[in-house]
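Listing of coords.txt, compact mmCIF, C-alpha atoms and all ligand atoms
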# COMPACT_ATOMS: atom_id res chain seq x y z
CA VAL N 1 -26.16 -26.68 -34.99
CA PRO N 2 -23.17 -26.96 -37.33
CA LEU N 3 -23.76 -26.74 -41.04
CA PRO N 4 -22.69 -29.66 -43.26
CA GLU N 5 -20.71 -28.55 -46.28
CA LYS N 6 -23.39 -29.38 -48.85
CA ALA N 7 -26.02 -27.43 -46.97
CA LEU N 8 -23.64 -24.49 -46.64
CA ILE N 9 -22.90 -24.38 -50.36
CA GLU N 10 -26.61 -24.59 -51.08
CA GLN N 11 -27.19 -21.71 -48.72
CA ILE N 12 -24.46 -19.59 -50.28
CA ARG N 13 -25.94 -20.31 -53.68
CA ARG N 14 -29.42 -19.39 -52.59
CA LEU N 15 -28.27 -16.21 -50.85
CA ALA N 16 -25.99 -15.21 -53.72
CA GLY N 17 -28.61 -16.05 -56.31
CA PRO N 18 -30.49 -12.80 -56.91
CA SER N 19 -27.32 -10.73 -57.20
CA ARG N 20 -25.81 -13.30 -59.57
CA LEU N 21 -28.80 -13.15 -61.87
CA LYS N 22 -28.79 -9.39 -61.77
CA GLN N 23 -25.13 -9.41 -62.75
CA ALA N 24 -25.65 -11.94 -65.46
CA GLY N 25 -28.01 -9.56 -67.14
CA VAL N 26 -31.16 -11.63 -66.64
CA GLY N 27 -33.69 -8.85 -66.67
CA ALA N 28 -31.16 -6.44 -65.21
CA ARG N 29 -30.65 -2.81 -66.08
CA ALA N 30 -27.19 -2.05 -64.79
CA THR N 31 -25.35 -4.56 -66.96
CA HIS N 32 -25.03 -2.56 -70.16
CA THR N 33 -22.92 0.01 -68.33
CA ARG N 34 -20.56 -2.68 -67.04
CA SER N 35 -17.35 -3.64 -68.73
CA ALA N 36 -17.68 -7.28 -67.71
CA GLN N 37 -20.48 -9.76 -67.18
CA ILE N 38 -20.78 -13.03 -65.37
CA ARG N 39 -22.04 -15.57 -67.89
CA THR N 40 -21.93 -18.49 -65.45
CA GLY N 41 -21.40 -18.23 -61.70
CA ILE N 42 -21.92 -20.70 -58.87
CA GLY N 43 -23.02 -24.14 -60.06
CA ASP N 44 -20.46 -24.87 -62.76
CA ASP N 45 -16.80 -25.88 -62.55
CA CYS N 46 -15.65 -22.37 -63.30
CA ALA N 47 -17.22 -18.96 -63.47
CA VAL N 48 -17.25 -17.49 -66.96
CA LEU N 49 -16.62 -13.76 -67.12
CA ARG N 50 -17.13 -11.84 -70.32
CA LEU N 51 -14.87 -8.81 -70.67
CA ALA N 52 -15.75 -5.85 -72.85
CA ARG N 53 -13.28 -4.96 -75.57
CA GLY N 54 -10.67 -2.51 -74.32
CA SER N 55 -10.85 -3.49 -70.66
CA GLU N 56 -8.34 -5.30 -68.49
CA LEU N 57 -9.02 -7.71 -65.64
CA LEU N 58 -7.93 -6.90 -62.08
CA ILE N 59 -7.55 -9.75 -59.57
CA THR N 60 -6.82 -9.48 -55.86
CA THR N 61 -6.81 -12.01 -53.05
CA ASP N 62 -7.00 -11.51 -49.26
CA PHE N 63 -7.09 -13.75 -46.22
CA SER N 64 -9.29 -13.13 -43.20
CA LEU N 65 -8.05 -15.35 -40.38
CA GLU N 66 -9.56 -15.76 -36.95
CA GLY N 67 -7.19 -14.44 -34.28
CA ILE N 68 -5.22 -12.43 -36.85
CA HIS N 69 -7.76 -10.27 -38.69
CA PHE N 70 -10.73 -10.69 -36.39
CA ARG N 71 -11.78 -12.13 -33.07
CA ARG N 72 -15.05 -13.91 -32.58
CA ASP N 73 -15.54 -12.25 -29.17
CA TRP N 74 -15.08 -8.75 -30.66
CA HIS N 75 -16.43 -8.95 -34.18
CA PRO N 76 -20.04 -9.86 -34.98
CA ALA N 77 -20.26 -12.45 -37.79
CA ASP N 78 -21.72 -9.96 -40.29
CA SER N 79 -18.82 -7.59 -39.61
CA VAL N 80 -16.34 -10.38 -40.40
CA GLY N 81 -18.13 -11.02 -43.71
CA HIS N 82 -18.27 -7.30 -44.51
CA ARG N 83 -14.59 -6.75 -43.71
CA CYS N 84 -13.58 -9.85 -45.68
CA LEU N 85 -15.06 -8.45 -48.90
CA ALA N 86 -14.13 -4.83 -48.09
CA ARG N 87 -10.44 -5.79 -48.15
CA GLY N 88 -10.73 -7.03 -51.73
CA LEU N 89 -12.95 -4.15 -52.90
CA SER N 90 -10.47 -1.69 -51.44
CA ASP N 91 -7.67 -3.19 -53.56
CA ILE N 92 -9.81 -2.80 -56.69
CA ALA N 93 -10.56 0.80 -55.65
CA ALA N 94 -6.82 1.48 -55.28
CA MET N 95 -6.33 0.68 -58.98
CA GLY N 96 -9.24 2.89 -60.03
CA GLY N 97 -11.17 -0.22 -61.07
CA ASP N 98 -14.76 -1.44 -61.09
CA PRO N 99 -15.37 -4.58 -59.00
CA VAL N 100 -17.31 -7.30 -60.82
CA ALA N 101 -17.21 -10.63 -59.01
CA ALA N 102 -16.03 -12.23 -55.79
CA PHE N 103 -14.95 -15.80 -55.04
CA LEU N 104 -15.00 -17.07 -51.48
CA SER N 105 -13.19 -20.01 -49.91
CA LEU N 106 -14.28 -20.77 -46.37
CA GLY N 107 -12.72 -23.07 -43.80
CA LEU N 108 -15.08 -23.50 -40.86
CA PRO N 109 -14.62 -25.50 -37.64
CA ARG N 110 -16.92 -28.50 -37.35
CA ASP N 111 -18.64 -27.17 -34.24
CA LEU N 112 -19.30 -23.66 -35.56
CA ALA N 113 -22.91 -22.56 -35.10
CA GLN N 114 -25.04 -22.26 -38.23
CA THR N 115 -25.99 -18.73 -37.24
CA TRP N 116 -22.35 -17.63 -37.53
CA ALA N 117 -22.02 -18.76 -41.15
CA LYS N 118 -25.36 -17.14 -41.95
CA GLY N 119 -24.34 -13.87 -40.33
CA PHE N 120 -21.00 -13.89 -42.15
CA LEU N 121 -22.72 -14.37 -45.51
CA ARG N 122 -25.33 -11.75 -44.75
CA GLY N 123 -22.62 -9.16 -44.04
CA LEU N 124 -20.61 -10.11 -47.11
CA LEU N 125 -23.54 -10.19 -49.51
CA LYS N 126 -25.02 -6.93 -48.28
CA LEU N 127 -21.79 -5.14 -49.17
CA ALA N 128 -21.56 -7.09 -52.45
CA ARG N 129 -25.01 -5.96 -53.51
CA ARG N 130 -24.21 -2.35 -52.72
CA TYR N 131 -21.32 -2.45 -55.18
CA GLY N 132 -23.04 -4.62 -57.79
CA VAL N 133 -20.59 -7.45 -57.17
CA SER N 134 -21.77 -11.04 -57.50
CA LEU N 135 -20.49 -13.95 -55.49
CA ALA N 136 -19.63 -16.07 -58.49
CA GLY N 137 -17.91 -19.07 -56.92
CA GLY N 138 -16.11 -20.52 -53.97
CA ASP N 139 -15.32 -23.54 -51.90
CA THR N 140 -15.87 -24.75 -48.35
CA ALA N 141 -13.95 -27.16 -46.15
CA GLU N 142 -13.69 -28.11 -42.51
CA SER N 143 -11.02 -26.24 -40.59
CA ARG N 144 -9.18 -27.83 -37.66
CA ASP N 145 -8.08 -24.49 -36.25
CA GLY N 146 -10.44 -21.51 -36.32
CA ILE N 147 -12.27 -19.78 -39.12
CA LEU N 148 -10.45 -19.05 -42.40
CA ALA N 149 -11.93 -16.98 -45.19
CA ASP N 150 -10.10 -16.29 -48.41
CA ILE N 151 -11.66 -13.83 -50.82
CA ILE N 152 -10.75 -13.22 -54.44
CA VAL N 153 -12.21 -10.14 -56.08
CA ALA N 154 -12.17 -9.57 -59.83
CA GLY N 155 -12.62 -6.14 -61.34
CA THR N 156 -12.07 -4.31 -64.59
CA VAL N 157 -10.35 -1.15 -65.71
CA PRO N 158 -9.98 0.42 -69.17
CA LYS N 159 -6.86 -0.87 -70.88
CA GLY N 160 -3.68 0.80 -69.65
CA LYS N 161 -5.55 3.02 -67.18
CA ALA N 162 -5.01 1.15 -63.89
CA ILE N 163 -3.42 3.49 -61.33
CA LEU N 164 -0.18 1.92 -60.12
CA ARG N 165 2.03 2.38 -57.08
CA SER N 166 4.90 3.25 -59.40
CA GLY N 167 3.41 6.45 -60.85
CA ALA N 168 4.68 9.00 -58.28
CA ARG N 169 7.21 11.68 -59.29
CA VAL N 170 9.26 14.24 -57.36
CA GLY N 171 7.07 17.28 -56.70
CA ASP N 172 3.74 15.40 -56.61
CA ALA N 173 1.39 16.31 -53.78
CA ILE N 174 0.37 13.44 -51.47
CA TYR N 175 -3.33 13.12 -50.61
CA VAL N 176 -5.34 10.84 -48.35
CA SER N 177 -9.08 10.30 -48.16
CA GLY N 178 -11.21 10.23 -45.01
CA GLU N 179 -9.62 9.84 -41.59
CA LEU N 180 -6.82 7.63 -40.38
CA GLY N 181 -6.09 5.58 -37.28
CA GLY N 182 -9.68 4.94 -36.23
CA SER N 183 -9.57 1.22 -36.87
CA ALA N 184 -6.34 0.68 -34.93
CA ALA N 185 -7.67 2.85 -32.12
CA ALA N 186 -10.77 0.69 -31.92
CA ILE N 187 -8.65 -2.42 -31.45
CA GLU N 188 -6.53 -0.69 -28.80
CA ARG N 189 -9.67 0.24 -26.90
CA PHE N 190 -11.06 -3.31 -27.13
CA ARG N 191 -7.81 -4.73 -25.85
CA ALA N 192 -7.25 -2.20 -23.07
CA ARG N 193 -10.65 -2.89 -21.58
CA SER N 194 -10.56 -6.56 -22.53
CA LYS N 195 -13.96 -5.72 -23.92
CA LYS N 196 -16.33 -8.46 -24.89
CA ASN N 197 -18.75 -7.55 -27.64
CA PRO N 198 -17.89 -3.88 -28.04
CA ASN N 199 -20.73 -1.67 -29.24
CA ALA N 200 -20.53 -1.72 -33.04
CA ARG N 201 -22.05 1.76 -33.33
CA ASP N 202 -19.17 3.36 -31.40
CA TYR N 203 -16.61 1.78 -33.75
CA PHE N 204 -18.61 1.68 -36.94
CA ARG N 205 -15.75 2.42 -39.36
CA HIS N 206 -13.77 -0.43 -37.82
CA PHE N 207 -16.55 -2.99 -38.02
CA TYR N 208 -17.99 -1.86 -41.36
CA PRO N 209 -15.28 -0.03 -43.33
CA GLU N 210 -16.46 1.51 -46.60
CA PRO N 211 -14.13 0.66 -49.50
CA ARG N 212 -13.53 3.81 -51.57
CA VAL N 213 -14.60 2.30 -54.87
CA GLU N 214 -16.41 5.34 -56.25
CA LEU N 215 -13.61 7.70 -55.23
CA GLY N 216 -10.97 5.50 -56.87
CA ARG N 217 -12.97 5.30 -60.08
CA ILE N 218 -13.54 9.08 -60.26
CA LEU N 219 -9.85 9.83 -59.61
CA ARG N 220 -8.98 7.49 -62.49
CA GLU N 221 -11.66 8.83 -64.87
CA LYS N 222 -10.59 12.43 -64.28
CA GLY N 223 -6.90 11.59 -64.49
CA LEU N 224 -6.24 13.10 -61.07
CA ALA N 225 -4.18 10.38 -59.36
CA ALA N 226 -0.68 9.59 -60.64
CA ALA N 227 0.01 6.79 -58.13
CA MET N 228 -2.40 5.17 -55.69
CA ILE N 229 -2.59 2.57 -52.91
CA ASP N 230 -5.21 1.66 -50.33
CA LEU N 231 -4.34 2.13 -46.66
CA SER N 232 -4.66 -1.41 -45.38
CA ASP N 233 -1.32 -1.73 -43.55
CA GLY N 234 -1.03 1.84 -42.26
CA LEU N 235 0.18 5.16 -43.69
CA SER N 236 3.87 4.59 -42.88
CA THR N 237 3.93 1.17 -44.55
CA ASP N 238 1.72 1.96 -47.54
CA LEU N 239 3.44 5.28 -48.33
CA ALA N 240 6.74 3.36 -48.21
CA HIS N 241 5.32 1.00 -50.87
CA ILE N 242 4.55 3.96 -53.15
CA CYS N 243 8.04 5.43 -52.56
CA GLU N 244 9.74 2.12 -53.18
CA GLU N 245 7.84 1.35 -56.39
CA SER N 246 8.32 4.91 -57.66
CA SER N 247 11.96 5.29 -56.47
CA VAL N 248 11.20 8.50 -54.58
CA GLY N 249 10.97 9.82 -51.01
CA ALA N 250 8.29 11.81 -49.21
CA GLU N 251 7.83 14.56 -46.67
CA ILE N 252 4.59 14.69 -44.74
CA GLN N 253 3.22 17.31 -42.35
CA ALA N 254 2.09 15.68 -39.08
CA GLU N 255 -0.67 18.22 -38.37
CA SER N 256 -2.21 17.75 -41.82
CA ILE N 257 -2.96 14.06 -41.32
CA PRO N 258 -6.73 13.70 -40.82
CA ARG N 259 -7.25 11.70 -37.64
CA GLY N 260 -10.17 9.43 -36.91
CA ARG N 261 -12.47 9.74 -33.91
CA VAL N 262 -13.61 6.67 -32.01
CA GLY N 263 -15.46 5.57 -28.91
CA ASN N 264 -18.24 7.07 -26.86
CA PRO N 265 -17.65 9.93 -26.18
CA ALA N 266 -15.70 10.17 -29.46
CA ARG N 267 -12.08 11.28 -29.19
CA ASP N 268 -9.37 12.08 -31.75
CA VAL N 269 -6.98 9.17 -32.13
CA GLU N 270 -3.29 9.56 -31.30
CA LEU N 271 -0.90 10.65 -34.07
CA GLU N 272 1.01 7.37 -33.80
CA LEU N 273 -2.12 5.42 -34.71
CA ALA N 274 -2.88 7.71 -37.65
CA LEU N 275 0.71 7.16 -38.87
CA HIS N 276 0.98 3.42 -38.33
CA GLY N 277 -2.46 1.91 -37.67
CA GLY N 278 -3.85 -0.24 -40.49
CA GLU N 279 -7.24 -1.29 -41.84
CA ASP N 280 -8.72 2.15 -42.45
CA TYR N 281 -9.18 1.28 -46.16
CA GLU N 282 -8.82 4.90 -47.20
CA LEU N 283 -6.94 5.79 -50.40
CA LEU N 284 -3.51 7.43 -50.59
CA PHE N 285 -2.63 8.98 -53.94
CA THR N 286 -0.24 11.45 -55.50
CA VAL N 287 -1.16 14.38 -57.72
CA ARG N 288 0.98 16.22 -60.27
CA PRO N 289 1.86 19.84 -59.38
CA GLY N 290 -0.73 22.34 -60.56
CA LYS N 291 -3.66 19.88 -60.58
CA ARG N 292 -6.54 21.02 -58.44
CA ILE N 293 -8.18 18.49 -56.12
CA PRO N 294 -11.66 19.19 -54.72
CA ALA N 295 -12.04 19.18 -50.92
CA GLN N 296 -14.46 16.29 -51.32
CA VAL N 297 -15.11 13.63 -53.96
CA ALA N 298 -17.95 11.08 -53.83
CA GLY N 299 -18.79 12.32 -50.34
CA VAL N 300 -15.28 11.63 -49.01
CA ALA N 301 -12.99 14.41 -47.73
CA LEU N 302 -9.55 14.64 -49.37
CA ARG N 303 -6.54 16.15 -47.62
CA CYS N 304 -3.08 17.07 -48.85
CA ILE N 305 -0.59 15.76 -46.30
CA GLY N 306 2.75 16.36 -48.00
CA ARG N 307 4.95 16.06 -51.10
CA ILE N 308 6.99 13.51 -52.96
CA THR N 309 10.72 14.27 -52.64
CA ARG N 310 14.04 13.21 -54.10
CA GLY N 311 15.91 10.44 -52.30
CA ARG N 312 14.31 7.48 -50.58
CA LYS N 313 13.52 8.78 -47.10
CA ILE N 314 10.10 9.47 -45.65
CA VAL N 315 10.25 12.45 -43.29
CA VAL N 316 7.54 13.71 -40.91
CA ARG N 317 7.60 17.44 -40.20
CA LYS N 318 5.82 19.08 -37.29
CA THR N 319 4.82 22.74 -37.07
CA THR N 320 7.37 23.08 -34.26
CA GLY N 321 10.00 22.53 -36.95
CA VAL N 322 10.98 19.09 -35.68
CA ARG N 323 11.70 16.66 -38.51
CA SER N 324 12.06 12.95 -38.05
CA GLU N 325 12.41 10.01 -40.36
CA LEU N 326 9.36 7.79 -40.54
CA ALA N 327 10.16 4.10 -40.45
CA PRO N 328 7.44 1.84 -41.79
CA GLN N 329 5.94 -0.05 -38.85
CA GLY N 330 4.04 -3.02 -40.14
CA TRP N 331 0.53 -3.31 -38.89
CA GLU N 332 0.57 -6.49 -36.86
CA HIS N 333 -3.18 -6.84 -36.65
CA PHE N 334 -4.11 -8.41 -33.38
CA ARG N 335 -0.67 -9.55 -32.33
CA ARG N 336 1.38 -7.70 -29.77
MG MG Y 401 -3.92 -2.96 -51.27
Would it be possible to restate this file's structure as structure tokens?
Amino acid sequence: VPLPEKALIEQIRRLAGPSRLKQAGVGARATHTRSAQIRTGIGDDCAVLRLARGSELLITTDFSLEGIHFRRDWHPADSVGHRCLARGLSDIAAMGGDPVAAFLSLGLPRDLAQTWAKGFLRGLLKLARRYGVSLAGGDTAESRDGILADIIVAGTVPKGKAILRSGARVGDAIYVSGELGGSAAAIERFRARSKKNPNARDYFRHFYPEPRVELGRILREKGLAAAMIDLSDGLSTDLAHICEESSVGAEIQAESIPRGRVGNPARDVELELALHGGEDYELLFTVRPGKRIPAQVAGVALRCIGRITRGRKIVVRKTTGVRSELAPQGWEHFRR
């Protein structure tokens, strides 16, 4: 049974309710540690956010489009909701920020089953609660062509402390968190076997990626990261963004790149996917020479994969001595 717009908004409001109240400080504990509060969320014309003195507002926006970012025959509805919010949280993490509120605009086909919208919201709100983020507003409309979800995430960071892409300098070490290529490998596997409803447990990091919010915040608090970006488009593309914004080049060691494992039985993903595959939502950051980085922060492994160099080229070196230039290969999501 499709869900009329009014009923859907009511449902979002009801589902988002408890977390909104918690955020707004109605009998909540966590709020005094926050640098922003939601004074008014869903139910008024605008959300009202109160910022603490000395903090700046971060805003990011991301589309999740059916057929581009997800497929209804591969992705369970709650995974689509989770991934939708994870994209925004990951951007906040990349600045070293604290996420505060999310705003969701949904375009749903008229004949979409009610259970899909419910599942989507369940996935999104579960992740939101885990990070103390409230769904503070949004809009719904009928879509003529597939499901469209647009998420805006607001966060805060102490004034002047946001970690930018432009902070890298020659001689910095380049680090990545977690493992790379797993998400792209999952999609390759789904496609190769034209799999319907792949087992979510075998591809968990693809279906339910964990945005590195805590890691990003700790790197900022301890002054460890000079430049940072989240790996949404793939290492080759996102490292190129850092190099471009910082006017530098990079040399990375192929064997140092931590590769994901996917499937059942689990296998290491190919180097190409670790280099170019997107949607891992790990963090890539640079570190000034002489700064020590722990092997693990906030439960996430950190690996040095290379150095920032003079010039504008990105070079991949192998232990065999072979060096090749790395061209950014945009992550084309589900398109061939
Ligand atoms: Mg980003």
Measure the distance from CA of Gly155 (chain N) to CA of Ile242 (chain N) in Å and round it to one decimal.
-> 21.5 Å
Distance criterion (only C-alpha atoms): nearest to Ile314 (chain N) out of N:Gly299, N:Pro328, N:Gly216, N:Gly107 | N:Pro328
Residues at most 10 Å from ligand MG 401 (chain Y), using all atoms listed in the file? Could they come as number ranges by chain?
-> N: 60-62, 87-95, 165, 228-233, 238, 281, 283
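If you look at CA of Trp116 (chain N) and CA of Ile42 (chain N), they are 21.6 Å away from each other.
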note - CA of Gly249 (chain N) and CA of Gly321 (chain N) are separated by 19.0 Å
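Nearest to Glu214 (chain N) of all the residues N:Ala149, N:Ala52, N:Val248, N:Val297 is N:Val297, counting all atoms listed in the file.
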List every protein, DNA or RNA residue that has an atom no more than 7 Å from (-17.9, -24.5, -42.8) in the file's coordinate frame, counting all atoms listed in the file, and report them as a list of chain:residue names.
-> N:Leu3, N:Glu5, N:Leu8, N:Leu106, N:Gly107, N:Leu108, N:Pro109, N:Arg110, N:Thr140, N:Ala141, N:Glu142
Determine, counting all atoms listed in the file, every residue of protein, DNA or RNA that lies within 12 Å of (-12.7, -19.5, -48.5) in the file coordinates, then give the result as a ChimeraX atom specification.
-> /N:9,12,61-65,81,84-85,102-108,117,120-121,135,137-143,147-152
Gly178 (chain N) proximity check over N:Pro209, N:Gly123, N:Pro158, N:Gly311, using all atoms listed in the file: winner is N:Pro209
Gln253 (chain N) environment, 7 Å, only C-alpha atoms, sequence neighbours closer than 2 positions dropped, as a list in words =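 Counting only the stated atoms, we get Glu251, Glu255, Ser256, Ile305, Gly306, Val316, Arg317 and Lys318 of chain N.
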Counting all atoms listed in the file, which of N:Gly160, N:Ala200, N:His75, N:Asp172 gets nearest to Leu57 (chain N)?
-> N:Gly160
